[in-house]
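*Asks:* This is run-v7.pdb, which holds PDB, C-alpha atoms:
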```pdb
ATOM      1  CA  MET A 159     119.933  43.424 222.741
ATOM      2  CA  LYS A 160     118.149  44.010 219.440
ATOM      3  CA  THR A 161     117.713  47.666 218.526
ATOM      4  CA  ALA A 162     116.452  49.675 215.574
ATOM      5  CA  VAL A 163     116.654  53.258 214.392
ATOM      6  CA  ILE A 164     113.735  54.547 212.344
ATOM      7  CA  VAL A 165     114.790  56.750 209.454
ATOM      8  CA  PHE A 166     112.552  59.387 207.877
ATOM      9  CA  PRO A 167     113.285  61.687 204.965
ATOM     10  CA  GLY A 168     115.049  64.555 206.734
ATOM     11  CA  SER A 169     116.336  62.568 209.734
ATOM     12  CA  ASN A 170     119.913  63.676 210.357
ATOM     13  CA  CYS A 171     120.878  62.110 213.709
ATOM     14  CA  ASP A 172     120.109  58.550 212.648
ATOM     15  CA  ARG A 173     123.775  57.625 212.204
ATOM     16  CA  ASP A 174     124.761  59.233 215.515
ATOM     17  CA  ALA A 175     122.027  57.240 217.224
ATOM     18  CA  ALA A 176     123.155  54.062 215.457
ATOM     19  CA  GLU A 177     126.750  54.636 216.544
ATOM     20  CA  ALA A 178     125.718  55.203 220.166
ATOM     21  CA  LEU A 179     123.667  51.992 220.097
ATOM     22  CA  ARG A 180     126.539  50.066 218.535
ATOM     23  CA  MET A 181     128.948  51.348 221.193
ATOM     24  CA  VAL A 182     126.696  50.426 224.073
ATOM     25  CA  THR A 183     125.135  47.176 222.860
ATOM     26  CA  GLY A 184     128.033  45.876 220.763
ATOM     27  CA  HIS A 185     125.702  45.361 217.799
ATOM     28  CA  ALA A 186     124.697  47.641 214.968
ATOM     29  CA  PRO A 187     120.975  48.491 215.073
ATOM     30  CA  ALA A 188     118.617  47.749 212.207
ATOM     31  CA  MET A 189     117.986  50.905 210.190
ATOM     32  CA  ILE A 190     114.285  50.963 209.369
ATOM     33  CA  TRP A 191     113.038  53.196 206.554
ATOM     34  CA  HIS A 192     109.734  54.874 207.365
ATOM     35  CA  GLN A 193     107.954  53.208 204.417
ATOM     36  CA  GLU A 194     108.333  49.805 206.076
ATOM     37  CA  THR A 195     105.144  48.582 207.682
ATOM     38  CA  SER A 196     106.610  46.549 210.521
ATOM     39  CA  LEU A 197     109.565  46.608 212.879
ATOM     40  CA  PRO A 198     111.834  43.537 213.223
ATOM     41  CA  ASP A 199     110.532  40.702 215.425
ATOM     42  CA  GLY A 200     111.855  40.515 218.957
ATOM     43  CA  LEU A 201     112.981  44.135 219.008
ATOM     44  CA  ASP A 202     114.111  45.436 222.426
ATOM     45  CA  LEU A 203     114.353  49.142 221.609
ATOM     46  CA  ALA A 204     113.373  51.527 218.828
ATOM     47  CA  VAL A 205     115.038  54.935 218.557
ATOM     48  CA  ILE A 206     113.431  57.794 216.666
ATOM     49  CA  PRO A 207     116.319  60.087 215.831
ATOM     50  CA  GLY A 208     116.584  63.837 215.571
ATOM     51  CA  GLY A 209     116.484  65.825 212.386
ATOM     52  CA  PHE A 210     113.899  67.617 210.288
ATOM     53  CA  SER A 211     111.573  64.885 209.072
ATOM     54  CA  TYR A 212     109.613  66.179 206.078
ATOM     55  CA  GLY A 213     111.247  69.567 206.504
ATOM     56  CA  ASP A 214     109.113  70.239 209.606
ATOM     57  CA  TYR A 215     106.206  70.861 207.202
ATOM     58  CA  LEU A 216     102.833  71.571 208.847
ATOM     59  CA  ARG A 217     104.189  71.016 212.390
ATOM     60  CA  SER A 218     107.475  69.420 213.467
ATOM     61  CA  GLY A 219     106.944  65.665 213.436
ATOM     62  CA  ALA A 220     103.356  65.823 212.153
ATOM     63  CA  ILE A 221     103.855  64.118 208.794
ATOM     64  CA  ALA A 222     106.360  61.543 210.104
ATOM     65  CA  ALA A 223     103.880  60.537 212.798
ATOM     66  CA  ARG A 224     101.510  59.388 210.014
ATOM     67  CA  SER A 225     104.166  57.357 208.141
ATOM     68  CA  PRO A 226     103.518  53.676 207.377
ATOM     69  CA  ILE A 227     105.983  52.451 210.042
ATOM     70  CA  THR A 228     104.338  54.429 212.807
ATOM     71  CA  ARG A 229     101.344  52.153 213.167
ATOM     72  CA  ASP A 230     103.535  49.223 214.196
ATOM     73  CA  LEU A 231     105.716  51.493 216.331
ATOM     74  CA  VAL A 232     102.689  52.712 218.292
ATOM     75  CA  LYS A 233     101.399  49.182 218.708
ATOM     76  CA  ARG A 234     104.768  47.901 219.982
ATOM     77  CA  ALA A 235     105.085  50.860 222.331
ATOM     78  CA  GLU A 236     101.620  50.187 223.704
ATOM     79  CA  ASP A 237     102.660  46.558 224.217
ATOM     80  CA  GLY A 238     105.585  47.780 226.340
ATOM     81  CA  MET A 239     108.575  47.875 223.991
ATOM     82  CA  PRO A 240     110.982  50.693 224.950
ATOM     83  CA  VAL A 241     111.002  53.633 222.537
ATOM     84  CA  LEU A 242     113.403  56.571 222.732
ATOM     85  CA  GLY A 243     112.639  59.723 220.755
ATOM     86  CA  VAL A 244     115.280  62.434 220.614
ATOM     87  CA  CYS A 245     114.574  65.986 219.467
ATOM     88  CA  ASN A 246     112.571  65.527 216.247
ATOM     89  CA  GLY A 247     111.936  62.014 217.594
ATOM     90  CA  PHE A 248     110.306  63.593 220.660
ATOM     91  CA  GLN A 249     108.216  65.806 218.379
ATOM     92  CA  ILE A 250     107.156  62.729 216.395
ATOM     93  CA  LEU A 251     106.239  60.779 219.560
ATOM     94  CA  ILE A 252     104.033  63.668 220.655
ATOM     95  CA  GLU A 253     102.358  63.787 217.251
ATOM     96  CA  THR A 254     101.627  60.041 217.427
ATOM     97  CA  GLY A 255      99.878  60.607 220.751
ATOM     98  CA  LEU A 256     102.253  58.273 222.637
ATOM     99  CA  LEU A 257     103.351  61.263 224.731
ATOM    100  CA  PRO A 258     101.146  64.169 225.840
ATOM    101  CA  GLY A 259     101.553  67.886 225.189
ATOM    102  CA  ALA A 260     103.052  69.867 222.334
ATOM    103  CA  LEU A 261     106.468  71.202 221.309
ATOM    104  CA  MET A 262     106.181  74.758 220.096
ATOM    105  CA  ARG A 263     108.547  77.331 218.582
ATOM    106  CA  ASN A 264     111.277  78.303 221.083
ATOM    107  CA  ALA A 265     110.191  81.263 223.197
ATOM    108  CA  GLY A 266     113.223  83.280 222.045
ATOM    109  CA  LEU A 267     112.352  82.416 218.414
ATOM    110  CA  LEU A 268     115.967  81.424 217.775
ATOM    111  CA  PHE A 269     117.378  78.004 216.997
ATOM    112  CA  VAL A 270     119.279  76.974 220.128
ATOM    113  CA  CYS A 271     122.421  74.870 219.860
ATOM    114  CA  GLU A 272     124.354  74.512 223.096
ATOM    115  CA  ARG A 273     125.450  72.211 225.871
ATOM    116  CA  THR A 274     122.640  72.184 228.399
ATOM    117  CA  PRO A 275     122.811  71.304 232.077
ATOM    118  CA  LEU A 276     119.931  69.039 233.037
ATOM    119  CA  GLN A 277     118.448  67.763 236.251
ATOM    120  CA  ILE A 278     117.556  64.067 236.238
ATOM    121  CA  GLU A 279     114.120  64.170 237.822
ATOM    122  CA  ASN A 280     113.302  60.515 237.897
ATOM    123  CA  THR A 281     116.313  58.296 238.569
ATOM    124  CA  ASN A 282     114.254  55.109 238.651
ATOM    125  CA  SER A 283     113.073  55.218 235.081
ATOM    126  CA  ARG A 284     114.071  52.600 232.568
ATOM    127  CA  PHE A 285     116.004  55.341 230.740
ATOM    128  CA  THR A 286     117.854  56.905 233.679
ATOM    129  CA  ARG A 287     118.510  54.166 236.224
ATOM    130  CA  SER A 288     122.184  53.688 235.315
ATOM    131  CA  TYR A 289     122.967  57.276 236.363
ATOM    132  CA  GLY A 290     123.088  56.078 239.957
ATOM    133  CA  GLU A 291     123.640  58.977 242.337
ATOM    134  CA  THR A 292     124.230  61.449 239.517
ATOM    135  CA  ARG A 293     121.527  64.109 239.445
ATOM    136  CA  GLU A 294     123.010  66.635 237.042
ATOM    137  CA  VAL A 295     124.213  65.942 233.511
ATOM    138  CA  THR A 296     125.210  68.091 230.562
ATOM    139  CA  ILE A 297     123.812  67.070 227.185
ATOM    140  CA  PRO A 298     123.635  69.186 224.009
ATOM    141  CA  VAL A 299     120.428  70.585 222.532
ATOM    142  CA  ALA A 300     119.946  71.703 218.924
ATOM    143  CA  HIS A 301     116.407  72.677 218.002
ATOM    144  CA  HIS A 302     113.970  75.372 216.957
ATOM    145  CA  ASP A 303     110.756  73.819 218.266
ATOM    146  CA  GLY A 304     111.508  72.542 221.754
ATOM    147  CA  ASN A 305     109.224  74.719 223.826
ATOM    148  CA  TYR A 306     107.208  72.106 225.702
ATOM    149  CA  PHE A 307     103.604  72.944 226.471
ATOM    150  CA  ALA A 308     100.719  71.113 228.118
ATOM    151  CA  ASP A 309      97.737  72.181 230.178
ATOM    152  CA  ASN A 310      98.149  72.390 233.943
ATOM    153  CA  GLU A 311      96.171  69.244 234.595
ATOM    154  CA  THR A 312      98.482  67.239 232.314
ATOM    155  CA  LEU A 313     101.581  68.847 233.848
ATOM    156  CA  ASP A 314     100.441  68.048 237.369
ATOM    157  CA  ARG A 315      99.804  64.458 236.349
ATOM    158  CA  LEU A 316     103.232  64.145 234.672
ATOM    159  CA  GLU A 317     104.939  65.490 237.778
ATOM    160  CA  GLY A 318     102.798  63.472 240.176
ATOM    161  CA  GLU A 319     103.439  60.210 238.341
ATOM    162  CA  GLY A 320     107.195  60.753 237.962
ATOM    163  CA  GLN A 321     106.892  61.112 234.199
ATOM    164  CA  VAL A 322     109.165  64.157 234.001
ATOM    165  CA  ALA A 323     112.514  62.522 233.241
ATOM    166  CA  PHE A 324     114.702  65.585 232.679
ATOM    167  CA  ARG A 325     114.400  69.264 233.503
ATOM    168  CA  TYR A 326     116.522  72.142 232.197
ATOM    169  CA  LEU A 327     118.633  73.885 234.806
ATOM    170  CA  ASN A 328     119.033  76.804 232.405
ATOM    171  CA  ASN A 329     115.876  76.718 230.296
ATOM    172  CA  PRO A 330     116.944  77.466 226.697
ATOM    173  CA  ASN A 331     113.548  77.447 224.969
ATOM    174  CA  GLY A 332     110.772  78.551 227.320
ATOM    175  CA  SER A 333     109.520  75.033 228.090
ATOM    176  CA  ILE A 334     106.801  75.099 230.678
ATOM    177  CA  ARG A 335     108.054  73.970 234.108
ATOM    178  CA  ASP A 336     111.537  73.607 232.515
ATOM    179  CA  ILE A 337     110.579  70.238 231.052
ATOM    180  CA  ALA A 338     113.255  68.715 228.795
ATOM    181  CA  GLY A 339     112.050  65.109 228.609
ATOM    182  CA  ILE A 340     109.027  63.033 229.618
ATOM    183  CA  THR A 341     107.982  59.411 229.671
ATOM    184  CA  ASN A 342     104.590  57.858 229.058
ATOM    185  CA  ALA A 343     102.536  56.514 231.962
ATOM    186  CA  LYS A 344     103.967  52.990 231.595
ATOM    187  CA  GLY A 345     107.509  54.379 231.531
ATOM    188  CA  ASN A 346     108.594  52.575 228.361
ATOM    189  CA  VAL A 347     108.511  55.605 226.046
ATOM    190  CA  LEU A 348     110.877  58.554 226.567
ATOM    191  CA  GLY A 349     110.902  61.736 224.520
ATOM    192  CA  MET A 350     113.606  64.320 225.142
ATOM    193  CA  MET A 351     114.858  67.407 223.317
ATOM    194  CA  PRO A 352     118.545  67.080 224.386
ATOM    195  CA  HIS A 353     120.659  64.672 222.318
ATOM    196  CA  PRO A 354     122.172  61.907 224.475
ATOM    197  CA  GLU A 355     123.705  60.325 221.346
ATOM    198  CA  ARG A 356     125.827  63.463 220.947
ATOM    199  CA  ALA A 357     127.441  62.921 224.333
ATOM    200  CA  VAL A 358     128.659  59.320 224.307
ATOM    201  CA  ASP A 359     132.353  59.686 223.459
ATOM    202  CA  PRO A 360     135.049  61.890 225.044
ATOM    203  CA  VAL A 361     135.637  63.474 221.621
ATOM    204  CA  HIS A 362     132.071  64.813 221.834
ATOM    205  CA  GLY A 363     133.196  66.887 224.787
ATOM    206  CA  GLY A 364     131.367  64.743 227.323
ATOM    207  CA  THR A 365     129.837  61.329 227.885
ATOM    208  CA  ASP A 366     126.834  62.268 230.008
ATOM    209  CA  GLY A 367     124.458  60.890 227.382
ATOM    210  CA  LEU A 368     125.740  57.323 227.746
ATOM    211  CA  GLY A 369     123.577  56.720 230.801
ATOM    212  CA  VAL A 370     120.382  56.858 228.737
ATOM    213  CA  PHE A 371     121.583  53.992 226.540
ATOM    214  CA  GLU A 372     123.228  52.047 229.365
ATOM    215  CA  SER A 373     120.057  52.292 231.442
ATOM    216  CA  LEU A 374     118.198  50.549 228.644
ATOM    217  CA  LEU A 375     120.647  47.662 228.833
ATOM    218  CA  GLY A 376     119.532  47.158 232.389
ATOM    219  CA  GLY A 377     123.020  47.813 233.730
ATOM    220  CA  THR A 378     123.938  49.992 236.689
ATOM    221  CA  ALA A 379     127.144  51.495 235.347
TER
ATOM    222  CA  MET B 265      84.858  72.781 195.893
ATOM    223  CA  LYS B 266      87.409  74.571 198.033
ATOM    224  CA  ALA B 267      87.994  74.492 201.765
ATOM    225  CA  LYS B 268      89.843  77.172 203.673
ATOM    226  CA  ILE B 269      91.004  76.114 207.107
ATOM    227  CA  HIS B 270      92.086  78.792 209.515
ATOM    228  CA  VAL B 271      94.312  77.378 212.254
ATOM    229  CA  TYR B 272      95.062  79.520 215.253
ATOM    230  CA  LEU B 273      96.525  79.037 218.716
ATOM    231  CA  LYS B 274      94.121  78.489 221.568
ATOM    232  CA  PRO B 275      93.675  81.342 224.021
ATOM    233  CA  GLY B 276      96.206  80.991 226.820
ATOM    234  CA  VAL B 277      98.858  79.365 224.635
ATOM    235  CA  LEU B 278     101.859  81.681 224.438
ATOM    236  CA  ASP B 279     102.592  82.885 220.926
ATOM    237  CA  PRO B 280     106.158  84.209 220.808
ATOM    238  CA  GLN B 281     105.923  84.793 217.049
ATOM    239  CA  GLY B 282     102.784  86.890 217.469
ATOM    240  CA  THR B 283     104.455  88.858 220.240
ATOM    241  CA  ALA B 284     107.477  89.527 218.013
ATOM    242  CA  VAL B 285     105.161  90.709 215.211
ATOM    243  CA  ALA B 286     103.290  93.052 217.590
ATOM    244  CA  ASN B 287     106.563  94.488 218.906
ATOM    245  CA  SER B 288     107.859  95.023 215.386
ATOM    246  CA  LEU B 289     104.683  96.861 214.364
ATOM    247  CA  LYS B 290     105.028  99.098 217.414
ATOM    248  CA  THR B 291     108.640  99.818 216.439
ATOM    249  CA  LEU B 292     107.321 100.978 213.052
ATOM    250  CA  GLY B 293     105.040 103.471 214.779
ATOM    251  CA  PHE B 294     101.797 101.482 214.871
ATOM    252  CA  GLU B 295     101.300 102.155 218.570
ATOM    253  CA  GLU B 296      97.658 101.087 218.433
ATOM    254  CA  VAL B 297      98.723  97.412 218.171
ATOM    255  CA  THR B 298      98.188  95.911 221.603
ATOM    256  CA  GLY B 299      98.629  92.277 220.602
ATOM    257  CA  ALA B 300      99.090  89.862 217.702
ATOM    258  CA  ARG B 301      98.416  86.169 217.270
ATOM    259  CA  GLN B 302      99.851  84.307 214.330
ATOM    260  CA  GLY B 303      98.082  81.348 212.776
ATOM    261  CA  LYS B 304      98.013  79.655 209.417
ATOM    262  CA  LEU B 305      95.678  79.227 206.482
ATOM    263  CA  ILE B 306      95.406  75.911 204.660
ATOM    264  CA  GLU B 307      93.522  75.803 201.335
ATOM    265  CA  LEU B 308      92.293  72.485 199.988
ATOM    266  CA  ASP B 309      90.942  71.703 196.535
ATOM    267  CA  LEU B 310      88.248  69.041 196.838
ATOM    268  CA  SER B 311      86.452  66.861 194.322
ATOM    269  CA  SER B 312      83.498  66.648 196.715
ATOM    270  CA  VAL B 313      80.014  67.610 195.523
ATOM    271  CA  ASP B 314      78.035  67.453 198.757
ATOM    272  CA  ALA B 315      78.836  70.364 201.077
ATOM    273  CA  GLU B 316      77.656  68.642 204.230
ATOM    274  CA  GLU B 317      79.727  65.548 203.571
ATOM    275  CA  ALA B 318      82.729  67.681 202.589
ATOM    276  CA  SER B 319      82.458  69.574 205.836
ATOM    277  CA  GLU B 320      82.510  66.334 207.839
ATOM    278  CA  ARG B 321      85.495  65.032 205.881
ATOM    279  CA  VAL B 322      87.476  68.246 206.265
ATOM    280  CA  LYS B 323      86.764  68.236 209.986
ATOM    281  CA  ALA B 324      88.187  64.690 210.142
ATOM    282  CA  MET B 325      91.265  65.905 208.237
ATOM    283  CA  CYS B 326      91.733  68.670 210.788
ATOM    284  CA  ASP B 327      91.454  66.259 213.692
ATOM    285  CA  LYS B 328      93.699  63.599 212.157
ATOM    286  CA  LEU B 329      96.491  65.708 210.706
ATOM    287  CA  LEU B 330      96.022  69.369 209.959
ATOM    288  CA  THR B 331      95.794  70.728 213.489
ATOM    289  CA  ASN B 332      97.168  69.892 216.916
ATOM    290  CA  PRO B 333      94.240  69.863 219.346
ATOM    291  CA  VAL B 334      96.546  70.457 222.315
ATOM    292  CA  ILE B 335      97.427  73.969 221.191
ATOM    293  CA  GLU B 336      95.287  74.863 218.181
ATOM    294  CA  ASN B 337      91.701  75.644 217.234
ATOM    295  CA  TYR B 338      90.380  75.867 213.685
ATOM    296  CA  ASP B 339      87.550  77.179 211.509
ATOM    297  CA  ILE B 340      86.479  75.660 208.191
ATOM    298  CA  GLU B 341      85.168  77.761 205.314
ATOM    299  CA  LEU B 342      83.751  75.888 202.303
ATOM    300  CA  SER B 343      83.129  77.488 198.934
ATOM    301  CA  ALA B 344      82.022  76.251 195.525
TER
END
```
Show the structure stored in the file as structure tokens.

*Replies:*
Amino acid sequence: MKTAVIVFPGSNCDRDAAEALRMVTGHAPAMIWHQETSLPDGLDLAVIPGGFSYGDYLRSGAIAARSPITRDLVKRAEDGMPVLGVCNGFQILIETGLLPGALMRNAGLLFVCERTPLQIENTNSRFTRSYGETREVTIPVAHHDGNYFADNETLDRLEGEGQVAFRYLNNPNGSIRDIAGITNAKGNVLGMMPHPERAVDPVHGGTDGLGVFESLLGGTA
Amino acid sequence: MKAKIHVYLKPGVLDPQGTAVANSLKTLGFEEVTGARQGKLIELDLSSVDAEEASERVKAMCDKLLTNPVIENYDIELSA
């Protein structure tokens, strides 16, 4: 499986994401600097890591979403290539328009950094299928702008179409309808605020994040 | 030419920062404050000469980058 991690100035989870991909796929991902204009040929998965791309200037993810690499990323995603955006990666995916809604300042105004229990809402998605019967997982969050918002019509559509992938069981940021992660209509793009790459090794304090990466392999671990 | 772009949250979008500002003002004794909304002001220096064209271009800038149409509205103010 050929994977890539896109790196922006201010990304800080790119190496964690790379390590998780290496663990699960057995191969190191390509690290793609945002000034590149195309992703590698035959890519099976692109990960947009967490961090503070461009210092969160203007809006979190706004400047990164207009980087040179993004044009090819959007095109590949529209052609069906899986894309996983974590935290700032989720913010960037929203700013590209690949995912609907907005991620606003946390309702409590504080940066939240904690292990968060989550409900897996859609266990058939390309990103969650390896969780099997598991419905609850604990994955860390670390963000300031994770307060998901969309209008009611969009929310109803997301819920109706099974596009809500994860919900918070103990909402840390005020996200509307407790939404922690969503997919696009085709199901090949997932954005989530919790960091699955920070829960892939027992030394992390848990391995509940592994399922996201294993699901992408097509396995049923 | 200069453009001032006022960006503010749409009605109905929760503004926790505005709420915190309103509460803080009340704590200071400004009881008349019944609400606050916080936005931002972006100032652009432009080499444009034609106001109408500049207005169109700045609007495109707002739609492409400067604002998020899901949660924000904006006003453009052009001056010589």

*Asks:* For this file, the PyMOL selection byres ((chain A and resi 302-306) around 8) selects which residues, as an mmCIF file with C-alpha atoms, in the frame of the given file?

*Replies:*
```cif
data_model
loop_
_atom_site.group_PDB
_atom_site.id
_atom_site.type_symbol
_atom_site.label_atom_id
_atom_site.label_comp_id
_atom_site.auth_asym_id
_atom_site.auth_seq_id
_atom_site.Cartn_x
_atom_site.Cartn_y
_atom_site.Cartn_z
ATOM 1 C CA SER A 218 107.475 69.420 213.467
ATOM 2 C CA CYS A 245 114.574 65.986 219.467
ATOM 3 C CA GLY A 259 101.553 67.886 225.189
ATOM 4 C CA ALA A 260 103.052 69.867 222.334
ATOM 5 C CA LEU A 261 106.468 71.202 221.309
ATOM 6 C CA MET A 262 106.181 74.758 220.096
ATOM 7 C CA ARG A 263 108.547 77.331 218.582
ATOM 8 C CA ASN A 264 111.277 78.303 221.083
ATOM 9 C CA ALA A 265 110.191 81.263 223.197
ATOM 10 C CA LEU A 267 112.352 82.416 218.414
ATOM 11 C CA LEU A 268 115.967 81.424 217.775
ATOM 12 C CA PHE A 269 117.378 78.004 216.997
ATOM 13 C CA VAL A 270 119.279 76.974 220.128
ATOM 14 C CA ALA A 300 119.946 71.703 218.924
ATOM 15 C CA HIS A 301 116.407 72.677 218.002
ATOM 16 C CA PHE A 307 103.604 72.944 226.471
ATOM 17 C CA ALA A 308 100.719 71.113 228.118
ATOM 18 C CA ASN A 331 113.548 77.447 224.969
ATOM 19 C CA GLY A 332 110.772 78.551 227.320
ATOM 20 C CA SER A 333 109.520 75.033 228.090
ATOM 21 C CA ILE A 334 106.801 75.099 230.678
ATOM 22 C CA ILE A 337 110.579 70.238 231.052
ATOM 23 C CA ALA A 338 113.255 68.715 228.795
ATOM 24 C CA MET A 351 114.858 67.407 223.317
#
```

*Asks:* For a quick check of your reading of the model, name the residues lying within 7 Å of the coordinate (113.8, 61.5, 221.9), counting all atoms listed in the file, and write them as a VMD selection string.

*Replies:* chain A and resid 206 to 207 242 to 245 247 to 248 348 to 351

*Asks:* Go through A:Val358, A:Leu257, A:Ile278, A:Leu201 one by one, measure the shortest atom-to-atom distance of each to Pro298 (chain A) using all atoms listed in the file, and give the residue with the smallest value.

*Replies:*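 Once distances to Pro298 (chain A) are computed over all atoms listed in the file, the minimum belongs to A:Val358.
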
*Asks:* Select, from A:Cys271, A:Ala323, A:Ala223, A:Val165, the residue with the minimum atom-to-atom distance to chain B, counting only C-alpha atoms.

*Replies:* A:Ala223

*Asks:* Set the cut-off to 10 Å and count only C-alpha atoms: what are the residues of chain B that reach chain A? Output as a PyMOL selection string.

*Replies:* chain B and resi 276-281+283-284+304+306+328-335

*Asks:* What's around Gly364 (chain A) at 12 Å? Count all atoms listed in the file, leave out sequence neighbours fewer than 3 positions away in its own chain, and write the answer as a VMD selection string.

*Replies:* chain A and resid 273 to 275 295 to 298 353 to 361 367 to 369

*Asks:* Applying 12 Å and all atoms listed in the file, which residues near Glu317 (chain B) remain after dropping the ones on its own chain fewer than 6 positions away? List them as a PDB file with C-alpha atoms, in the frame of the given file.

*Replies:*
```
ATOM      1  CA  MET B 265      84.858  72.781 195.893  1.00  0.00           C
ATOM      2  CA  LEU B 310      88.248  69.041 196.838  1.00  0.00           C
ATOM      3  CA  SER B 311      86.452  66.861 194.322  1.00  0.00           C
ATOM      4  CA  LYS B 323      86.764  68.236 209.986  1.00  0.00           C
ATOM      5  CA  ALA B 324      88.187  64.690 210.142  1.00  0.00           C
ATOM      6  CA  LEU B 342      83.751  75.888 202.303  1.00  0.00           C
TER       7      LEU B 342
END
```

*Asks:* The PyMOL selection byres ((chain A and resi 162) around 6) - which residues does that actually catch in the file I just gave you? List them as a count of residues only.

*Replies:* 6

*Asks:* If I only want region 274-286 of chain A, can you write it with N, CA and C atoms, as a PDB file, in the first residue's frame?

*Replies:*
```pdb
ATOM      1  N   THR A 274     -10.213  11.136  24.727  1.00  0.00           N
ATOM      2  CA  THR A 274     -11.634  11.367  24.533  1.00  0.00           C
ATOM      3  C   THR A 274     -12.359  10.092  24.137  1.00  0.00           C
ATOM      4  N   PRO A 275     -13.369   9.694  24.906  1.00  0.00           N
ATOM      5  CA  PRO A 275     -14.174   8.561  24.465  1.00  0.00           C
ATOM      6  C   PRO A 275     -15.043   8.944  23.265  1.00  0.00           C
ATOM      7  N   LEU A 276     -15.063   8.057  22.290  1.00  0.00           N
ATOM      8  CA  LEU A 276     -15.800   8.322  21.052  1.00  0.00           C
ATOM      9  C   LEU A 276     -16.733   7.164  20.743  1.00  0.00           C
ATOM     10  N   GLN A 277     -17.827   7.503  20.108  1.00  0.00           N
ATOM     11  CA  GLN A 277     -18.746   6.502  19.581  1.00  0.00           C
ATOM     12  C   GLN A 277     -18.454   6.359  18.092  1.00  0.00           C
ATOM     13  N   ILE A 278     -18.246   5.129  17.630  1.00  0.00           N
ATOM     14  CA  ILE A 278     -18.106   4.919  16.184  1.00  0.00           C
ATOM     15  C   ILE A 278     -19.517   4.859  15.619  1.00  0.00           C
ATOM     16  N   GLU A 279     -19.861   5.844  14.808  1.00  0.00           N
ATOM     17  CA  GLU A 279     -21.234   5.960  14.325  1.00  0.00           C
ATOM     18  C   GLU A 279     -21.481   5.097  13.103  1.00  0.00           C
ATOM     19  N   ASN A 280     -20.474   5.070  12.250  1.00  0.00           N
ATOM     20  CA  ASN A 280     -20.636   4.305  11.018  1.00  0.00           C
ATOM     21  C   ASN A 280     -19.535   3.259  10.970  1.00  0.00           C
ATOM     22  N   THR A 281     -19.893   1.997  11.212  1.00  0.00           N
ATOM     23  CA  THR A 281     -18.877   0.947  11.294  1.00  0.00           C
ATOM     24  C   THR A 281     -18.614   0.311   9.933  1.00  0.00           C
ATOM     25  N   ASN A 282     -19.309   0.805   8.910  1.00  0.00           N
ATOM     26  CA  ASN A 282     -19.093   0.251   7.569  1.00  0.00           C
ATOM     27  C   ASN A 282     -18.183   1.108   6.721  1.00  0.00           C
ATOM     28  N   SER A 283     -17.720   2.231   7.273  1.00  0.00           N
ATOM     29  CA  SER A 283     -16.951   3.126   6.427  1.00  0.00           C
ATOM     30  C   SER A 283     -15.578   2.526   6.160  1.00  0.00           C
ATOM     31  N   ARG A 284     -14.976   3.010   5.112  1.00  0.00           N
ATOM     32  CA  ARG A 284     -13.649   2.591   4.702  1.00  0.00           C
ATOM     33  C   ARG A 284     -12.613   2.832   5.810  1.00  0.00           C
ATOM     34  N   PHE A 285     -12.933   3.770   6.721  1.00  0.00           N
ATOM     35  CA  PHE A 285     -11.992   4.155   7.768  1.00  0.00           C
ATOM     36  C   PHE A 285     -12.285   3.486   9.114  1.00  0.00           C
ATOM     37  N   THR A 286     -13.407   2.785   9.215  1.00  0.00           N
ATOM     38  CA  THR A 286     -13.780   2.232  10.528  1.00  0.00           C
ATOM     39  C   THR A 286     -14.112   0.744  10.479  1.00  0.00           C
TER      40      THR A 286
END
```
